[in-house]
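**Student:** Let me begin by handing over the structure; questions about it come next.
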Amino acid sequence: MSKKWGFDTKNMDTRVRPQDDFFRYTNGGWMKNNPIPASESRWGTFIKLRYNVDRQLRTIMNELLSRKRVVKGSPEQIIRDFYRSGIDMSRRNSLGIAPLAKYRKQIVKGATLKDLVRVFADFSHIGVEVPWVTMLDQDDKDSTKYVLCIGQGGLGLPDRDYYLKDDPESMRVRTAYTTYVEALYRFMGRSAQEARLQAKTHLEIETKLARISMRKEDLRDPHKTYHKLRITELQKLAPAVDWQPYLKRIGAGKLTSVIVNQPKFLEAASEMLTTIPLESWKQYIEWHLVNDYAGALTARFKRLSFSFYGKVLTGAKHMRPLWRRVLTTVNGGLGEVLGRIYVEKHFPPEAKKRMEELVDDLFAAYENRIAALDWMSPSTKRKAVQKLKALNRKIGYPDKWKSYHGLIIREDDYVGNIMRVTAYEHRRQMRKLGKPVDRGEWFMYPQTVNAYFSPNMNDIVFPAAILQPPFFSLDSDNAVNYGTIGAVIGHEITHGFDDQGSQFDAKGNLKSWWTPADRKRFEKRAEVLRKQFDQYKVADNVKVNGKLTLGENIADLGGAAIALDAYRLRAARDAKTDIAGFSPTQRFFLGFAVFECENVRPEFEKMQVLTDPHAPGTFRINGPASNLPEFYESFGVKSGDKLYRPPGSRAKIW
């Protein structure tokens with residue numbers, strides 16, 4: 001990266017015309033010189049930054065490991081000993097599957113359906129939730145209250161379609177999964193014949209669960225996943241479970257109502273509990289217990305798990321080194337403890353101040369943009385601005401850190417540590433029921449290279465770790481900063497106004513604030529974007545799903561457009577000079593393309609388009625660019641160029 005302006009022209013491939021493939025024009029040189037490491041399924045600026053953050057965290061860990069004494073129960077002790085227990089492979093190998101013995105015995109001892117349901121409830125405390133999942137959330141229609149949600153689950157594959165479709169990719173994955181399920185049963189002590197028969201039964205159960213699961217496209221519709229039921233109604237819907245004792249056992253106490261995200265799934269799952277033999281269910285849940293904890297057991301179990309979830313699904317050739325695997329687990333369980341130390345070392349106050357200025361510019365540009373919309377009525381515009389102004393900004397790290405007082409972490413009990421951390425967080429969540437919503441809470445850790453929008457909180461959140469090169473630098477040219485992190489800020493703001501977020505009002509409630517005519521015009525414009533992304537293909541002609549990716553595509557398009565407006569507001573106060581032959585607007589787009597720069601293995605890319613609401617990186621750059629008039633102007637895009645779209649077919653929403 002150039003120290004002068006924040007973009008390295010050596011990363012470009014100028015043999016590619018920007019009018020034909022702007023993604024490769026900007027990033028092609030980097031892609032050629034940065035092959036994917038064997039342990040990764042993709043490698044790019046985003047993933048590389050995550051790797052660099054991991055190295056920063058490893059330095060913190062090594063410093064803690066070198067200390068002779070730490071106070072028992074202190075943040076330093078719990079993260080140090082958690083990490084130490086994970087990297088002690090000698091002890092993990094010697095223990096084998098024994099750390100799960102208590103839970104496996106509980107399954108075996110179960111003699112009735114009631115016993116099985118108790119297992120379902122108890123296992124939720126340690127993160128093993130089948131065949132449904134329970135979670136705490138804000139009530140979509142009353143964001144001031146917490147509510148318990150019950151939703152579909154129970155699958156070992158990433159999506160229902162892998163079980164139900166017979167296209168080449170689904171068949172490839174399903175065949176490999178069948179082999180893996182059988183192999184894991186063998187690792188659990190079954191004979192070859194037992195493993196084969198139990199794997200067949202296991203796949204039959206999961207396939208039945210897949211058939212009754214809601215499609216991923218429908219999961220994006222908040223109205224389709226909101227069904228508030230009284231406990232008496234829940235009992236009638238799914239009578240195989242005695243729900244009051246179940247809810248008490250998971251720690252939810254006595255409730256009057258819950259949100260059932262997929263009533264048809266729960267109704268059918270209840271019927272399955274009474275028609276599928278108890279022994280089949282017991283084998284199924286034991287498999288899921290071992291599968292969920294396979295990575296924390298022996299090296300042999302981890303290699304088996306990686307052979308499917310790593311190699312088959314993502315195309316990775318080798319496992320990540322032990323330190324990274326363990327760090328990921330520690331980070332996932334005690335992220336705020338580790339994040340507090342990370343922020344002190346790696347997030348200077350001046351970075352937060354500069355980010356606040358950037359965010360101010362984006363909000364000003366967004367408000368101007370709303371005012372200028374030619375398709376929205378004045379009444380809806382007023383409510384859109386009201387929502388925009390109510391949008392809360394969280395930058396860097398939380399104002400108040402979570403406490404882990406009383407959590408017991410041992411340096412010789414990796415699986416037990418994971419279970420105790422998971423159960424501790426489970427209890428924390430359940431204690432929220434009946435209490436006021438904590439609007440200061442974060443759902444990402446400061447050391448996370450990512451950002452998010454929360455529709456119920458009406459929050460945009462930017463953790464410290466993403467606010468560094470190549471996405472943001474105090475020394476970079478403003479055009480590049482606005483193209484990279486500015487577009488990310490705009491992306492998250494736009495999520496509040498995409499096809500999902502736009503259904504929530506300024507207070508975070510699922511409540512329409514649109515006129516019917518405005519909503520129709522919005523949906524007509526969004527349909528242009530859906531059709532555009534439906535045309536994109538990846539390896540083996542697997543198609544991008546324009547409906548599944550619609551929210552992210554709206555956010556990408558809006559984010560780039562608003563960030564460019566914000567940059568121009570800022571540029572009015574800056575010198576308007578060319579750098580390295582690039583105009584300010586061209587430099588903005590170069591910065592925009594950097595964010596998605598990556599090489600991707602075909603296995604991962606196929607899984608991504610089949611399961612992920614984000615489109616592959618090349619389309620997240622070329623797609624929005626091909627709709628923005630400023631891109632056409634600054635790079636001279638004309639009819640006949642590959643990125644050219646006739647004016648009438650260009651998407652413009654926000």
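Within each chain, counting starts at residue 1; across the structure tokens, chains are named A, B, ... in the order shown, with ligands numbered 1 upward in that order.
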Could you produce a table of the residues of range 98-189 of chain A lying within 9 Å of range 254-269 of chain A, with the nearest pair of atoms per residue and their separation in Å rounded to one decimal, using only C-alpha atoms, ordered by chain and increasing residue number, as CSV?

**Tutor:**
```
residue,atom,partner,partner_atom,distance
A:Pro131,CA,A:Ala269,CA,7.5
A:Trp132,CA,A:Leu266,CA,7.6
A:Asp139,CA,A:Ile259,CA,8.2
A:Val147,CA,A:Val258,CA,6.4
A:Leu148,CA,A:Val258,CA,5.3
A:Cys149,CA,A:Ile259,CA,4.6
A:Ile150,CA,A:Val260,CA,4.9
A:Gly151,CA,A:Asn261,CA,5.0
A:Gln152,CA,A:Phe265,CA,6.4
```

**Student:** Per residue of range 79-189 of chain A within 10 Å of range 288-312 of chain A, what are the shortest atom pair and its distance in Å to one decimal, counting only C-alpha atoms, with rows by chain and residue number, as a Markdown table?

**Tutor:**
```
| residue | atom | partner | partner_atom | distance |
| --- | --- | --- | --- | --- |
| A:Gly86 | CA | A:Ala296 | CA | 7.5 |
| A:Met89 | CA | A:Thr298 | CA | 7.2 |
| A:Ser90 | CA | A:Thr298 | CA | 8.8 |
| A:Arg91 | CA | A:Thr298 | CA | 8.8 |
| A:Arg92 | CA | A:Thr298 | CA | 5.4 |
| A:Asn93 | CA | A:Thr298 | CA | 4.6 |
| A:Ser94 | CA | A:Thr298 | CA | 7.9 |
| A:Leu95 | CA | A:Thr298 | CA | 7.7 |
| A:Gly96 | CA | A:Thr298 | CA | 5.8 |
| A:Ile97 | CA | A:Leu297 | CA | 6.5 |
| A:Ala98 | CA | A:Leu297 | CA | 8.9 |
| A:Pro99 | CA | A:Leu297 | CA | 8.0 |
| A:Leu100 | CA | A:Val290 | CA | 7.6 |
| A:Tyr103 | CA | A:Leu289 | CA | 8.3 |
| A:Arg104 | CA | A:Leu289 | CA | 8.2 |
| A:Phe123 | CA | A:Leu289 | CA | 8.3 |
| A:Ile126 | CA | A:Leu289 | CA | 9.4 |
| A:Gly127 | CA | A:Asp292 | CA | 8.3 |
| A:Val128 | CA | A:Leu289 | CA | 6.1 |
| A:Glu129 | CA | A:His288 | CA | 8.7 |
| A:Val130 | CA | A:His288 | CA | 7.9 |
| A:Pro131 | CA | A:His288 | CA | 9.9 |
| A:Gly154 | CA | A:His288 | CA | 8.4 |
| A:Leu155 | CA | A:His288 | CA | 9.0 |
| A:Gly156 | CA | A:His288 | CA | 7.8 |
| A:Leu157 | CA | A:Tyr309 | CA | 9.0 |
| A:Pro158 | CA | A:Tyr309 | CA | 9.7 |
| A:Arg172 | CA | A:Val312 | CA | 8.6 |
| A:Val173 | CA | A:Val312 | CA | 6.9 |
| A:Ala176 | CA | A:Phe308 | CA | 7.0 |
| A:Tyr177 | CA | A:Phe308 | CA | 6.8 |
| A:Thr179 | CA | A:Phe308 | CA | 9.0 |
| A:Tyr180 | CA | A:Phe308 | CA | 6.6 |
| A:Val181 | CA | A:Asn291 | CA | 9.0 |
| A:Ala183 | CA | A:Leu304 | CA | 8.0 |
| A:Leu184 | CA | A:Leu304 | CA | 7.6 |
| A:Tyr185 | CA | A:Val290 | CA | 9.2 |
| A:Phe187 | CA | A:Phe301 | CA | 7.7 |
| A:Met188 | CA | A:Val290 | CA | 8.0 |
```

**Student:** Residues of the last selection are to be written out with C-alpha atoms, as a short mmCIF file (atom, residue, chain, number, x, y, z; two decimals), in the first residue's frame.

**Tutor:**
```cif
data_model
loop_
_atom_site.label_atom_id
_atom_site.label_comp_id
_atom_site.auth_asym_id
_atom_site.auth_seq_id
_atom_site.Cartn_x
_atom_site.Cartn_y
_atom_site.Cartn_z
CA GLY A 86 -6.62 -25.84 23.80
CA MET A 89 -2.75 -31.49 22.23
CA SER A 90 -0.92 -34.13 24.24
CA ARG A 91 -3.58 -34.01 26.95
CA ARG A 92 -6.44 -33.68 24.48
CA ASN A 93 -5.24 -36.78 22.62
CA SER A 94 -4.87 -38.73 25.85
CA LEU A 95 -8.45 -37.93 26.90
CA GLY A 96 -9.97 -39.09 23.62
CA ILE A 97 -13.78 -38.83 23.63
CA ALA A 98 -13.94 -39.09 27.45
CA PRO A 99 -14.81 -35.38 27.99
CA LEU A 100 -18.21 -36.11 26.44
CA TYR A 103 -23.53 -36.35 28.15
CA ARG A 104 -23.34 -39.58 26.14
CA PHE A 123 -27.84 -29.85 25.69
CA ILE A 126 -23.72 -26.36 25.98
CA GLY A 127 -24.61 -25.20 22.48
CA VAL A 128 -25.93 -28.47 21.05
CA GLU A 129 -29.44 -27.59 19.85
CA VAL A 130 -31.39 -30.14 17.85
CA PRO A 131 -33.87 -30.59 16.32
CA GLY A 154 -31.15 -30.04 13.40
CA LEU A 155 -29.20 -30.26 10.13
CA GLY A 156 -25.53 -31.12 9.71
CA LEU A 157 -25.34 -29.54 6.24
CA PRO A 158 -25.42 -25.77 5.67
CA ARG A 172 -21.33 -34.12 -4.54
CA VAL A 173 -21.76 -32.65 -1.06
CA ALA A 176 -19.39 -36.87 0.90
CA TYR A 177 -21.57 -36.06 3.92
CA THR A 179 -19.44 -40.93 4.11
CA TYR A 180 -18.56 -38.49 6.89
CA VAL A 181 -21.63 -39.32 9.01
CA ALA A 183 -17.10 -42.39 9.66
CA LEU A 184 -17.99 -40.33 12.73
CA TYR A 185 -20.24 -43.12 14.00
CA PHE A 187 -15.13 -42.99 15.67
CA MET A 188 -17.86 -43.12 18.33
#
```

**Student:** Given only C-alpha atoms as the basis, pick out the residue of A:Met607, A:Asn599, A:Arg393, A:Gly591 nearest to Phe472 in chain A.

**Tutor:** A:Gly591

**Student:** Between A:Leu247, A:Leu273, A:Ile409, A:Leu197, single out the one closest to Ser85 in chain A, counting only C-alpha atoms.

**Tutor:**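 Residue with the minimum atom-to-atom distance to Ser85 in chain A: A:Ile409.
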
**Student:** Which one of A:Arg118, A:Lys547, A:Arg230, A:Arg530 sits closest to Pro245 in chain A if you count only C-alpha atoms?

**Tutor:**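 With only C-alpha atoms as the atom set, the closest residue is A:Arg118.
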
**Student:** Which is closest to Ala111 in chain A among A:Ile60, A:Leu278, A:Ile562, A:Ala625, if we use only C-alpha atoms?

**Tutor:**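 Once distances to Ala111 in chain A are computed over only C-alpha atoms, the minimum belongs to A:Leu278.
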
**Student:** What lies within 7 Å of range 26-35 of chain A using only C-alpha atoms, ignoring chain neighbours under 3 positions off, as an mmCIF file with N, CA and C atoms, in the first residue's frame?

**Tutor:**
```cif
data_model
loop_
_atom_site.group_PDB
_atom_site.id
_atom_site.type_symbol
_atom_site.label_atom_id
_atom_site.label_comp_id
_atom_site.auth_asym_id
_atom_site.auth_seq_id
_atom_site.Cartn_x
_atom_site.Cartn_y
_atom_site.Cartn_z
ATOM 1 N N LYS A 10 0.555 -1.435 -7.999
ATOM 2 C CA LYS A 10 1.123 -2.736 -8.379
ATOM 3 C C LYS A 10 0.088 -3.855 -8.240
ATOM 4 N N ASN A 11 -0.955 -3.597 -7.476
ATOM 5 C CA ASN A 11 -2.002 -4.603 -7.283
ATOM 6 C C ASN A 11 -2.978 -4.670 -8.448
ATOM 7 N N MET A 12 -2.833 -3.754 -9.402
ATOM 8 C CA MET A 12 -3.762 -3.690 -10.525
ATOM 9 C C MET A 12 -3.341 -4.650 -11.638
ATOM 10 N N ASP A 13 -4.246 -4.925 -12.544
ATOM 11 C CA ASP A 13 -3.946 -5.627 -13.790
ATOM 12 C C ASP A 13 -4.473 -4.753 -14.917
ATOM 13 N N PHE A 22 -14.067 -4.371 -13.749
ATOM 14 C CA PHE A 22 -13.401 -3.421 -12.856
ATOM 15 C C PHE A 22 -12.772 -4.126 -11.658
ATOM 16 N N PHE A 23 -13.402 -5.190 -11.205
ATOM 17 C CA PHE A 23 -12.862 -5.950 -10.075
ATOM 18 C C PHE A 23 -11.461 -6.451 -10.396
ATOM 19 N N LEU A 590 -11.440 2.837 -6.997
ATOM 20 C CA LEU A 590 -10.332 1.916 -6.721
ATOM 21 C C LEU A 590 -10.392 1.456 -5.263
ATOM 22 N N ALA A 593 -13.216 -1.090 -4.761
ATOM 23 C CA ALA A 593 -12.919 -2.442 -5.251
ATOM 24 C C ALA A 593 -11.965 -3.197 -4.340
ATOM 25 N N VAL A 594 -11.136 -2.482 -3.599
ATOM 26 C CA VAL A 594 -10.160 -3.127 -2.713
ATOM 27 C C VAL A 594 -10.854 -3.969 -1.652
ATOM 28 N N CYS A 597 -11.384 -7.564 -2.707
ATOM 29 C CA CYS A 597 -10.272 -8.217 -3.391
ATOM 30 C C CYS A 597 -9.984 -9.578 -2.759
ATOM 31 N N GLU A 598 -10.087 -10.661 -3.553
ATOM 32 C CA GLU A 598 -9.807 -11.981 -3.017
ATOM 33 C C GLU A 598 -9.744 -13.029 -4.121
ATOM 34 N N ASN A 599 -9.009 -14.095 -3.817
ATOM 35 C CA ASN A 599 -9.061 -15.332 -4.590
ATOM 36 C C ASN A 599 -9.923 -16.314 -3.810
#
```
